[in-house]
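What follows is a single structure, written as C-alpha cells, with notes after it.
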Amino acid sequence: MEKIREVAKQRRLLLVPCPYQGHINPMLHLATYLHRNGFSIAIAHTSFNSLNPNRHPDFTFICLDDRLPDDLVASLDIAKLLLAVNDNCKASLKEAMATVLRDVVCVIHDEIMHFCGEVASGFGVRSLVLRTNSISTCIARSVVLQLHAEGRLPLLDEGSSMEDEVPNLYPLRYKDLPVSAHSDIYQSTKLVHKMHDLTTSSAVIWNTIPFLEPSELTQIKTKIYNQIPIFAIGPIHKISPTSSSSSLLNEDSACLSWLHKKPSNSVIYVSLGSVARLTNHELQEMAWGLVNSNQPFLWVVRPGSVRGSDGIGFILEEFQKKAGDRGCIVEWAPQKEVLAHSAIGGFLSHCGWNSTLESLSEGVPMLCRPYSGDQRGNSRYISCVWRVGLTLEGHELNRNELEKGIRKLMVEEEGKKMREKAVDFKRKIEDCLRENGSCARNLKELVDFIMSF
Ligand code: UDP
C-alpha cells in the first residue's frame, strides 16, 4: 500500500462536483479518500454555491467562471441552471487544463457536469463519472426518457393512472418516476440525456451499496453499461468519516448538546434536505404534527425553505415555545452526527439519496415525505423493499397523518420492527466497509484502475 501511495503522490486528479449540497458531499468524501491514498487533489467548482477552500487545505481549488445571470439563479429552475453551468464553464475548464491543471492524469466529475468529460478527452485525459443517486433512479430515468420520446410526458395529461406500477420497474408506480418539481420537462429531459451519455467516460463510480439493489446492479452491468467498469463504493460518507464539513450552510452543533440530554431512541429528526421547499401551510401542518405527537423532535428549517417566508421566524418561535424543551429547531444540523446519536429514534425525511444512505448506515428507521426527483422512488424502496420506514402518501402534508405516522414509527409495534430491520442494515453496511467487504474491495479496485492510467 505504501508503494502505491508513493507512486500515487505524483498523480494529480481533478474532481468536479455539481454545485448542490447533495452532490458536493459525496464528491468531497471521495476526494478525501483519494487524497489519503496518496493522490494529489484539485477541485474545480462553480462560483454559484462556491466551496470554501480554507476548510480543505490539502486540496487545490479552481473556481470556474459560470456566468450565471441573477434571474436564472433566482428562478430556482435547477435543470435550466445546470444546463447553463455546462455551457458556460467549458471555456474556463479548458483554460485551467491548458495551464494550472496541465499535470492532471484523470478527471472525476459528477454525472451532471458532463462537459468535463468532453473537455478532458480534448486533452487526452481519461474521465470517470460519479453518480450520486441510486441505480434504480438511473434505470427509472431511462423510462422517463422513453416516455418523453413517445410524447407521453407530462404523465398527468394522458389520463393513465399514476397509481399503476410501471412495467418491469417494481416497486415504482408512475407517480414515483424521477421527474423534477423544480424544472420544466423539456429542460430536465435534455439534462438527463446528457447525463446518460457515457461516450467520453472510462468508468462509473456509484454511491450505492451492492446489497441494497442487487438486481438493478446486475441489470446495469450486463445490459446498459456493459462496456465500462462500474465501482459501487457506497456509502461514500463512510469512506472518509473524519473529512471536514462540506456544508454550504453553517452547521448548528448546539443541537448535539440538546440531544445528549434525551433518552435513547426518543427523538425524531426532521430534515427535508437542501432543496425541497414547503408552503407556509405545510410548515404549519408539520409544526402542529410534531407538537401534537408528543415526541421530542429536532427540526431543521433551512433559511429560504418556506415559500413566501414572511413571518416564519415568528411562527417558529411560537412553536418552539409550545414544544418547550421537547423541541429543538435549527437552520442546519450536522446531520451525520445527529443520525449517529443514540437519542435519535427516527428520521422524518424527504428521502434524498444521501439522507437515505446516512439513515440506513446508522440504523435509523424513516418516515418518508418525498417531494421531487428521485425522492419518491427512494421512499418506495425504503417502505416496500427494505421495509425500514413508512411513507406519508397524501398530496398535502396533514397534521393528523403526520402525528399518526410519528407515533407509528416511534412508539408502536410496527415502528419497533422497522427499527430492528434498520439496525440489521447498519450491521450489513458495517460489513461492507470492513476489509473484503464490497465497499472496501470496490474502492481498492477503483484506486488500481486509476493507477493503471
Ligand atoms: N444535510 C446536513 N444538514 C442538514 C440537512 C442536510 O448536513 O441540516 C446534508 C445531509 O447530511 C446530506 C445532504 O445535506 O448529505 C442532503 O443531501 P440529500 O441527497 O439527502 O438531499 P438533497 O439536499 O440533495 O435534496
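Ordering of the C-alpha cells sets the chain letters (A, B, ...); residue numbers start at 1 within each chain; ligands are numbered from 1 in the order shown.
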
Would you give me, as a Markdown table, each residue of segment 214-273 of chain A having an atom within 10 Å of an atom of segment 187-201 of chain A, along with its shortest atom pair and that distance in Å to one decimal, using only C-alpha atoms and sorting by chain and residue number?
| residue | atom | partner | partner_atom | distance |
| --- | --- | --- | --- | --- |
| A:Tyr225 | CA | A:Leu198 | CA | 8.6 |
| A:Gln227 | CA | A:Leu198 | CA | 9.9 |
| A:Ile228 | CA | A:Ser201 | CA | 8.0 |
| A:Pro229 | CA | A:Ser201 | CA | 9.9 |

Saved selection, atoms kept: N, CA and C atoms, as an mmCIF file, in the first residue's frame:
data_model
loop_
_atom_site.group_PDB
_atom_site.id
_atom_site.type_symbol
_atom_site.label_atom_id
_atom_site.label_comp_id
_atom_site.auth_asym_id
_atom_site.auth_seq_id
_atom_site.Cartn_x
_atom_site.Cartn_y
_atom_site.Cartn_z
ATOM 1 N N TYR A 225 -24.561 -0.592 -19.121
ATOM 2 C CA TYR A 225 -23.184 -0.089 -19.200
ATOM 3 C C TYR A 225 -22.213 -1.272 -19.254
ATOM 4 N N GLN A 227 -19.898 -1.882 -21.280
ATOM 5 C CA GLN A 227 -18.599 -1.617 -21.915
ATOM 6 C C GLN A 227 -17.565 -1.075 -20.939
ATOM 7 N N ILE A 228 -18.000 -0.541 -19.824
ATOM 8 C CA ILE A 228 -17.045 0.104 -18.910
ATOM 9 C C ILE A 228 -17.270 -0.387 -17.474
ATOM 10 N N PRO A 229 -16.198 -0.338 -16.640
ATOM 11 C CA PRO A 229 -16.373 -0.809 -15.263
ATOM 12 C C PRO A 229 -17.263 0.097 -14.434
#

Mind running chain A against ligand 1 at 9 Å and telling me each contacting residue's nearest atom pair with the distance in Å (one decimal), counting only C-alpha atoms and all ligand atoms, chain and number ascending, as CSV?
residue,atom,partner,partner_atom_place_in_ligand_line,distance
A:Tyr20,CA,ligand 1,24 (O),6.9
A:Gln21,CA,ligand 1,13 (C),5.5
A:Gly22,CA,ligand 1,17 (O),3.6
A:His23,CA,ligand 1,24 (O),6.7
A:Ile24,CA,ligand 1,15 (O),8.5
A:Asn25,CA,ligand 1,15 (O),5.8
A:Pro26,CA,ligand 1,15 (O),7.5
A:Thr132,CA,ligand 1,19 (O),7.9
A:Asn133,CA,ligand 1,19 (O),7.8
A:His237,CA,ligand 1,15 (O),7.9
A:Ser245,CA,ligand 1,7 (O),8.2
A:Ser246,CA,ligand 1,7 (O),8.3
A:Ser247,CA,ligand 1,7 (O),6.0
A:Leu248,CA,ligand 1,7 (O),8.8
A:Leu249,CA,ligand 1,3 (N),8.1
A:Asn250,CA,ligand 1,3 (N),8.8
A:Glu251,CA,ligand 1,3 (N),6.7
A:Asp252,CA,ligand 1,8 (O),8.4
A:Val270,CA,ligand 1,8 (O),8.6
A:Ser271,CA,ligand 1,5 (C),5.7
A:Leu272,CA,ligand 1,5 (C),6.9
A:Gly273,CA,ligand 1,23 (O),3.8
A:Ser274,CA,ligand 1,23 (O),3.5
A:Val275,CA,ligand 1,25 (O),5.0
A:Ala276,CA,ligand 1,25 (O),6.2
A:Trp299,CA,ligand 1,8 (O),8.5
A:Val300,CA,ligand 1,8 (O),5.5
A:Val301,CA,ligand 1,8 (O),7.9
A:Arg302,CA,ligand 1,8 (O),7.3
A:Val330,CA,ligand 1,8 (O),7.8
A:Glu331,CA,ligand 1,8 (O),6.8
A:Trp332,CA,ligand 1,8 (O),3.7
A:Ala333,CA,ligand 1,8 (O),3.7
A:Pro334,CA,ligand 1,7 (O),4.9
A:Gln335,CA,ligand 1,7 (O),4.4
A:Lys336,CA,ligand 1,11 (O),5.4
A:Glu337,CA,ligand 1,11 (O),8.8
A:Val338,CA,ligand 1,3 (N),8.9
A:Leu339,CA,ligand 1,11 (O),8.9
A:Ser349,CA,ligand 1,20 (O),8.2
A:His350,CA,ligand 1,25 (O),7.2
A:Cys351,CA,ligand 1,20 (O),6.2
A:Gly352,CA,ligand 1,20 (O),3.6
A:Trp353,CA,ligand 1,19 (O),4.3
A:Asn354,CA,ligand 1,19 (O),3.8
A:Ser355,CA,ligand 1,20 (O),3.6
A:Thr356,CA,ligand 1,20 (O),6.5
A:Leu357,CA,ligand 1,20 (O),8.3
A:Glu358,CA,ligand 1,11 (O),6.9
A:Tyr371,CA,ligand 1,25 (O),8.9
A:Ser372,CA,ligand 1,25 (O),8.5
A:Gly373,CA,ligand 1,25 (O),8.8
A:Gln375,CA,ligand 1,25 (O),8.0

| query | Using only C-alpha atoms, which residues sit within 10 Å of segment 428-430 of chain A once same-chain residues fewer than 5 positions away are excluded, as a PyMOL selection string? | reply | chain A and resi 209+211-212+234-235+238+357+360-363+422-423+437-439

Selection above as a file: C-alpha atoms, as a compact mmCIF listing (two decimals), in the first residue's frame:
# COMPACT_ATOMS: atom_id res chain seq x y z
CA ILE A 209 -24.22 -0.40 -1.89
CA PHE A 211 -26.68 -5.45 -1.43
CA LEU A 212 -29.27 -2.66 -1.47
CA GLY A 234 -21.13 3.43 -1.29
CA PRO A 235 -21.87 4.55 1.28
CA LYS A 238 -18.37 6.37 5.46
CA LEU A 357 -27.81 6.14 2.93
CA LEU A 360 -29.53 3.29 6.85
CA SER A 361 -25.87 3.44 7.90
CA GLU A 362 -26.89 4.44 11.43
CA GLY A 363 -29.82 2.03 11.73
CA ALA A 422 -32.79 -0.74 10.17
CA VAL A 423 -30.27 -1.93 12.78
CA GLY A 437 -16.48 -6.04 2.16
CA SER A 438 -17.99 -4.74 -1.11
CA CYS A 439 -17.16 -1.10 -0.41

Hey, which bits of segment 92-203 of chain A sit within 12 Å of segment 34-40 of chain A, and for each residue what's the closest pair of atoms and how far apart in Å (one decimal), counting only C-alpha atoms, rows by chain and increasing number, as CSV?
residue,atom,partner,partner_atom,distance
A:Leu101,CA,A:Ser40,CA,11.5
A:Asp103,CA,A:Ser40,CA,10.4
A:Val104,CA,A:Ser40,CA,9.2
A:Val105,CA,A:Ser40,CA,10.3
A:Cys106,CA,A:Phe39,CA,10.7
A:Ile108,CA,A:Leu34,CA,11.2

| said: Under the rule that only C-alpha atoms are counted, which of A:Ala323, A:Ile406, A:Met97, A:Met286 is the nearest residue to Val306 of chain A? | reply: A:Met286

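Non-sequential neighbours of Phe347 of chain A (distance at most 7 Å, separation of 2 or more positions within a chain, only C-alpha atoms) are A:Ile268, A:Tyr269, A:Val270, A:Ser349, A:Val364, A:Pro365, A:Met366, A:Leu367.
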
Expected file: the selected residues, C-alpha atoms, as an mmCIF file, in the first residue's frame:
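Writing done, so here's part_11.cif:
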data_model
loop_
_atom_site.group_PDB
_atom_site.id
_atom_site.type_symbol
_atom_site.label_atom_id
_atom_site.label_comp_id
_atom_site.auth_asym_id
_atom_site.auth_seq_id
_atom_site.Cartn_x
_atom_site.Cartn_y
_atom_site.Cartn_z
ATOM 1 C CA ILE A 268 -37.468 12.197 15.739
ATOM 2 C CA TYR A 269 -35.054 14.101 13.493
ATOM 3 C CA VAL A 270 -36.754 16.174 10.767
ATOM 4 C CA SER A 349 -37.055 12.807 5.683
ATOM 5 C CA VAL A 364 -32.422 4.811 11.912
ATOM 6 C CA PRO A 365 -35.909 3.969 10.516
ATOM 7 C CA MET A 366 -37.586 6.611 8.358
ATOM 8 C CA LEU A 367 -40.869 8.398 7.960
#

| request: Would you please give, as number ranges by chain, all residues of segment 274-311 of chain A that DSSP assigns to strand (DSSP E) based on the backbone? | output: A: 297-300

Preceding selection exported with all heavy atoms as a CSV table (one decimal), in the first residue's frame:
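Result file again-v6.csv:
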chain,number,residue,atom,x,y,z
A,297,PHE,N,-38.5,16.3,19.3
A,297,PHE,CA,-38.1,16.4,17.9
A,297,PHE,C,-37.0,17.4,17.7
A,297,PHE,O,-36.9,18.4,18.4
A,297,PHE,CB,-39.3,16.8,17.0
A,297,PHE,CG,-39.9,18.2,17.4
A,297,PHE,CD1,-39.4,19.4,16.8
A,297,PHE,CD2,-41.0,18.3,18.2
A,297,PHE,CE1,-40.0,20.6,17.1
A,297,PHE,CE2,-41.5,19.5,18.6
A,297,PHE,CZ,-41.0,20.7,18.0
A,298,LEU,N,-36.1,17.1,16.7
A,298,LEU,CA,-35.1,18.0,16.3
A,298,LEU,C,-35.4,18.4,14.8
A,298,LEU,O,-35.4,17.5,14.0
A,298,LEU,CB,-33.7,17.4,16.4
A,298,LEU,CG,-32.5,18.1,15.7
A,298,LEU,CD1,-32.4,19.5,16.2
A,298,LEU,CD2,-31.2,17.3,16.0
A,299,TRP,N,-35.7,19.6,14.6
A,299,TRP,CA,-36.3,20.0,13.3
A,299,TRP,C,-35.4,21.0,12.6
A,299,TRP,O,-35.1,22.1,13.1
A,299,TRP,CB,-37.7,20.6,13.5
A,299,TRP,CG,-38.5,21.0,12.3
A,299,TRP,CD1,-38.2,20.6,11.0
A,299,TRP,CD2,-39.6,21.8,12.3
A,299,TRP,NE1,-39.2,21.1,10.2
A,299,TRP,CE2,-40.1,21.9,11.0
A,299,TRP,CE3,-40.4,22.5,13.3
A,299,TRP,CZ2,-41.2,22.6,10.6
A,299,TRP,CZ3,-41.5,23.2,12.9
A,299,TRP,CH2,-41.9,23.3,11.6
A,300,VAL,N,-35.0,20.7,11.4
A,300,VAL,CA,-34.2,21.6,10.6
A,300,VAL,C,-35.1,22.4,9.7
A,300,VAL,O,-35.8,21.8,8.8
A,300,VAL,CB,-33.1,20.9,9.7
A,300,VAL,CG1,-32.4,21.8,8.8
A,300,VAL,CG2,-32.2,20.0,10.5

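Nearest-residue note for Cys18 of chain A: choosing from A:Phe59, A:Trp288, A:Trp206, A:Phe115, the minimum distance belongs to A:Phe115, counting only C-alpha atoms.
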
Polymer residues at most 12 Å from Leu172 of chain A, only C-alpha atoms, same-chain spacing of 4 or more positions, as an mmCIF file with N, CA and C atoms, in the first residue's frame:
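Here's the written file part-v4.cif:
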data_model
loop_
_atom_site.group_PDB
_atom_site.id
_atom_site.type_symbol
_atom_site.label_atom_id
_atom_site.label_comp_id
_atom_site.auth_asym_id
_atom_site.auth_seq_id
_atom_site.Cartn_x
_atom_site.Cartn_y
_atom_site.Cartn_z
ATOM 1 N N SER A 136 -31.366 2.388 -9.188
ATOM 2 C CA SER A 136 -32.779 2.319 -9.550
ATOM 3 C C SER A 136 -33.245 3.652 -10.163
ATOM 4 N N THR A 137 -32.739 4.764 -9.614
ATOM 5 C CA THR A 137 -33.111 6.067 -10.170
ATOM 6 C C THR A 137 -32.621 6.190 -11.609
ATOM 7 N N ILE A 139 -32.117 3.802 -13.754
ATOM 8 C CA ILE A 139 -32.948 2.971 -14.636
ATOM 9 C C ILE A 139 -34.303 3.662 -14.859
ATOM 10 N N ALA A 140 -34.849 4.218 -13.782
ATOM 11 C CA ALA A 140 -36.148 4.891 -13.896
ATOM 12 C C ALA A 140 -36.053 6.113 -14.811
ATOM 13 N N ARG A 141 -34.889 6.767 -14.792
ATOM 14 C CA ARG A 141 -34.722 7.934 -15.676
ATOM 15 C C ARG A 141 -34.751 7.512 -17.141
ATOM 16 N N VAL A 143 -36.584 5.212 -18.290
ATOM 17 C CA VAL A 143 -38.010 5.061 -18.604
ATOM 18 C C VAL A 143 -38.633 6.435 -18.872
ATOM 19 N N MET A 162 -51.803 7.219 -12.274
ATOM 20 C CA MET A 162 -50.492 7.465 -11.676
ATOM 21 C C MET A 162 -50.184 6.420 -10.611
ATOM 22 N N GLU A 163 -51.228 5.708 -10.168
ATOM 23 C CA GLU A 163 -51.037 4.697 -9.124
ATOM 24 C C GLU A 163 -50.556 3.365 -9.703
ATOM 25 N N ASP A 164 -50.676 3.182 -11.025
ATOM 26 C CA ASP A 164 -50.260 1.907 -11.633
ATOM 27 C C ASP A 164 -48.768 1.703 -11.515
ATOM 28 N N GLU A 165 -48.371 0.421 -11.349
ATOM 29 C CA GLU A 165 -46.937 0.132 -11.325
ATOM 30 C C GLU A 165 -46.370 0.228 -12.739
ATOM 31 N N VAL A 166 -45.157 0.757 -12.853
ATOM 32 C CA VAL A 166 -44.505 0.839 -14.159
ATOM 33 C C VAL A 166 -44.020 -0.572 -14.496
ATOM 34 N N PRO A 167 -44.334 -1.096 -15.695
ATOM 35 C CA PRO A 167 -43.900 -2.461 -16.033
ATOM 36 C C PRO A 167 -42.389 -2.628 -15.854
ATOM 37 N N ASN A 168 -41.986 -3.736 -15.247
ATOM 38 C CA ASN A 168 -40.571 -4.089 -15.021
ATOM 39 C C ASN A 168 -39.814 -3.106 -14.137
ATOM 40 N N ASP A 176 -44.128 7.664 -9.049
ATOM 41 C CA ASP A 176 -42.825 7.647 -8.373
ATOM 42 C C ASP A 176 -41.657 7.907 -9.321
ATOM 43 N N LEU A 177 -41.945 8.049 -10.612
ATOM 44 C CA LEU A 177 -40.842 8.250 -11.574
ATOM 45 C C LEU A 177 -40.104 9.553 -11.258
ATOM 46 N N PRO A 178 -38.785 9.568 -11.472
ATOM 47 C CA PRO A 178 -37.996 10.748 -11.095
ATOM 48 C C PRO A 178 -38.182 11.930 -12.044
ATOM 49 N N ASP A 374 -35.803 11.993 -7.462
ATOM 50 C CA ASP A 374 -35.640 10.589 -7.077
ATOM 51 C C ASP A 374 -36.265 10.255 -5.727
ATOM 52 N N GLN A 375 -36.767 11.263 -5.003
ATOM 53 C CA GLN A 375 -37.176 11.037 -3.609
ATOM 54 C C GLN A 375 -38.346 10.061 -3.487
ATOM 55 N N ARG A 376 -39.303 10.129 -4.429
ATOM 56 C CA ARG A 376 -40.446 9.209 -4.355
ATOM 57 C C ARG A 376 -39.986 7.760 -4.547
ATOM 58 N N GLY A 377 -39.102 7.567 -5.503
ATOM 59 C CA GLY A 377 -38.585 6.215 -5.750
ATOM 60 C C GLY A 377 -37.822 5.705 -4.529
ATOM 61 N N ASN A 378 -36.985 6.557 -3.943
ATOM 62 C CA ASN A 378 -36.234 6.137 -2.751
ATOM 63 C C ASN A 378 -37.193 5.746 -1.635
ATOM 64 N N SER A 379 -38.260 6.534 -1.481
ATOM 65 C CA SER A 379 -39.193 6.246 -0.383
ATOM 66 C C SER A 379 -39.907 4.910 -0.631
ATOM 67 N N ARG A 380 -40.126 4.551 -1.913
ATOM 68 C CA ARG A 380 -40.749 3.248 -2.214
ATOM 69 C C ARG A 380 -39.818 2.114 -1.807
ATOM 70 N N TYR A 381 -38.536 2.262 -2.083
ATOM 71 C CA TYR A 381 -37.578 1.219 -1.669
ATOM 72 C C TYR A 381 -37.545 1.121 -0.141
ATOM 73 N N ILE A 382 -37.552 2.291 0.521
ATOM 74 C CA ILE A 382 -37.475 2.309 1.991
ATOM 75 C C ILE A 382 -38.683 1.580 2.597
ATOM 76 N N SER A 383 -39.882 1.872 2.049
ATOM 77 C CA SER A 383 -41.058 1.290 2.703
ATOM 78 C C SER A 383 -41.488 -0.062 2.136
ATOM 79 N N CYS A 384 -41.265 -0.334 0.828
ATOM 80 C CA CYS A 384 -41.779 -1.597 0.264
ATOM 81 C C CYS A 384 -40.709 -2.661 0.074
ATOM 82 N N VAL A 385 -39.447 -2.271 -0.122
ATOM 83 C CA VAL A 385 -38.411 -3.278 -0.407
ATOM 84 C C VAL A 385 -37.574 -3.535 0.837
#

| message | Residues within 9 Å of Glu420 of chain A, please, as a list in words. Count only C-alpha atoms; anything in the same chain fewer than 4 positions from it doesn't count. | response | Gly363, Pro365, Val388, Gly415, Lys416, Asp424 and Phe425 of chain A

Quick one: write out the picked residues with N, CA, C and O atoms as a PDB file, in the first residue's frame?
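This is the output file part_16.pdb:
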ATOM      1  N   GLY A 363     -28.736   2.860  11.206  1.00  0.00           N
ATOM      2  CA  GLY A 363     -29.822   2.032  11.728  1.00  0.00           C
ATOM      3  C   GLY A 363     -31.022   2.833  12.184  1.00  0.00           C
ATOM      4  O   GLY A 363     -31.713   2.432  13.127  1.00  0.00           O
ATOM      5  N   PRO A 365     -34.755   4.153  11.413  1.00  0.00           N
ATOM      6  CA  PRO A 365     -35.909   3.969  10.516  1.00  0.00           C
ATOM      7  C   PRO A 365     -36.472   5.326  10.082  1.00  0.00           C
ATOM      8  O   PRO A 365     -36.258   6.331  10.759  1.00  0.00           O
ATOM      9  N   VAL A 388     -37.812  -0.455   6.039  1.00  0.00           N
ATOM     10  CA  VAL A 388     -37.227   0.251   7.183  1.00  0.00           C
ATOM     11  C   VAL A 388     -37.906   1.606   7.401  1.00  0.00           C
ATOM     12  O   VAL A 388     -37.334   2.498   8.021  1.00  0.00           O
ATOM     13  N   GLY A 415     -43.278   0.285  14.176  1.00  0.00           N
ATOM     14  CA  GLY A 415     -42.032   1.053  14.161  1.00  0.00           C
ATOM     15  C   GLY A 415     -40.887   0.269  14.791  1.00  0.00           C
ATOM     16  O   GLY A 415     -39.741   0.351  14.338  1.00  0.00           O
ATOM     17  N   LYS A 416     -41.240  -0.503  15.826  1.00  0.00           N
ATOM     18  CA  LYS A 416     -40.201  -1.291  16.505  1.00  0.00           C
ATOM     19  C   LYS A 416     -39.580  -2.285  15.512  1.00  0.00           C
ATOM     20  O   LYS A 416     -38.362  -2.456  15.444  1.00  0.00           O
ATOM     21  N   ASP A 424     -30.336  -3.963  11.474  1.00  0.00           N
ATOM     22  CA  ASP A 424     -29.781  -5.032  10.647  1.00  0.00           C
ATOM     23  C   ASP A 424     -29.019  -4.461   9.443  1.00  0.00           C
ATOM     24  O   ASP A 424     -27.939  -4.923   9.088  1.00  0.00           O
ATOM     25  N   PHE A 425     -29.625  -3.458   8.813  1.00  0.00           N
ATOM     26  CA  PHE A 425     -28.977  -2.800   7.674  1.00  0.00           C
ATOM     27  C   PHE A 425     -27.668  -2.148   8.112  1.00  0.00           C
ATOM     28  O   PHE A 425     -26.659  -2.208   7.418  1.00  0.00           O
TER      29      PHE A 425
END

| said: Quick one: residues within 9 Å of Gln284 of chain A, only C-alpha atoms, excluding same-chain residues fewer than 6 positions away - as a PyMOL selection string? | reply: chain A and resi 315-316+399

Would you export the selected residues with N, CA, C and O atoms as a PDB file, in the first residue's frame, please?
ATOM      1  N   ILE A 315     -43.539  32.504  13.587  1.00  0.00           N
ATOM      2  CA  ILE A 315     -44.297  31.242  13.705  1.00  0.00           C
ATOM      3  C   ILE A 315     -43.434  30.188  14.408  1.00  0.00           C
ATOM      4  O   ILE A 315     -43.881  29.496  15.328  1.00  0.00           O
ATOM      5  N   LEU A 316     -42.180  30.080  13.989  1.00  0.00           N
ATOM      6  CA  LEU A 316     -41.307  29.057  14.585  1.00  0.00           C
ATOM      7  C   LEU A 316     -41.055  29.333  16.063  1.00  0.00           C
ATOM      8  O   LEU A 316     -41.026  28.412  16.877  1.00  0.00           O
ATOM      9  N   ARG A 399     -51.530  17.494   9.407  1.00  0.00           N
ATOM     10  CA  ARG A 399     -51.019  17.350  10.788  1.00  0.00           C
ATOM     11  C   ARG A 399     -51.433  16.031  11.445  1.00  0.00           C
ATOM     12  O   ARG A 399     -50.650  15.410  12.151  1.00  0.00           O
TER      13      ARG A 399
END

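In this model, the gap between atom CA of Glu401 of chain A and atom CA of Tyr170 of chain A comes to 25.9 Å.
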
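Proximity of A:Leu147, A:Val179, A:Ala96, A:Ile239 to Arg434 of chain A, computed with only C-alpha atoms, is greatest for A:Ile239.
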
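Each of A:Leu81, A:Val204, A:Ala343, A:Met451 was checked against Ile230 of chain A using only C-alpha atoms; the smallest atom-to-atom distance is that of A:Val204.
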
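Distance-wise, atom CA of Ser293 of chain A and atom CA of Lys175 of chain A end up 28.8 Å apart.
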
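Note that atom CA of Glu111 of chain A and atom CA of Pro19 of chain A are 11.9 Å apart.
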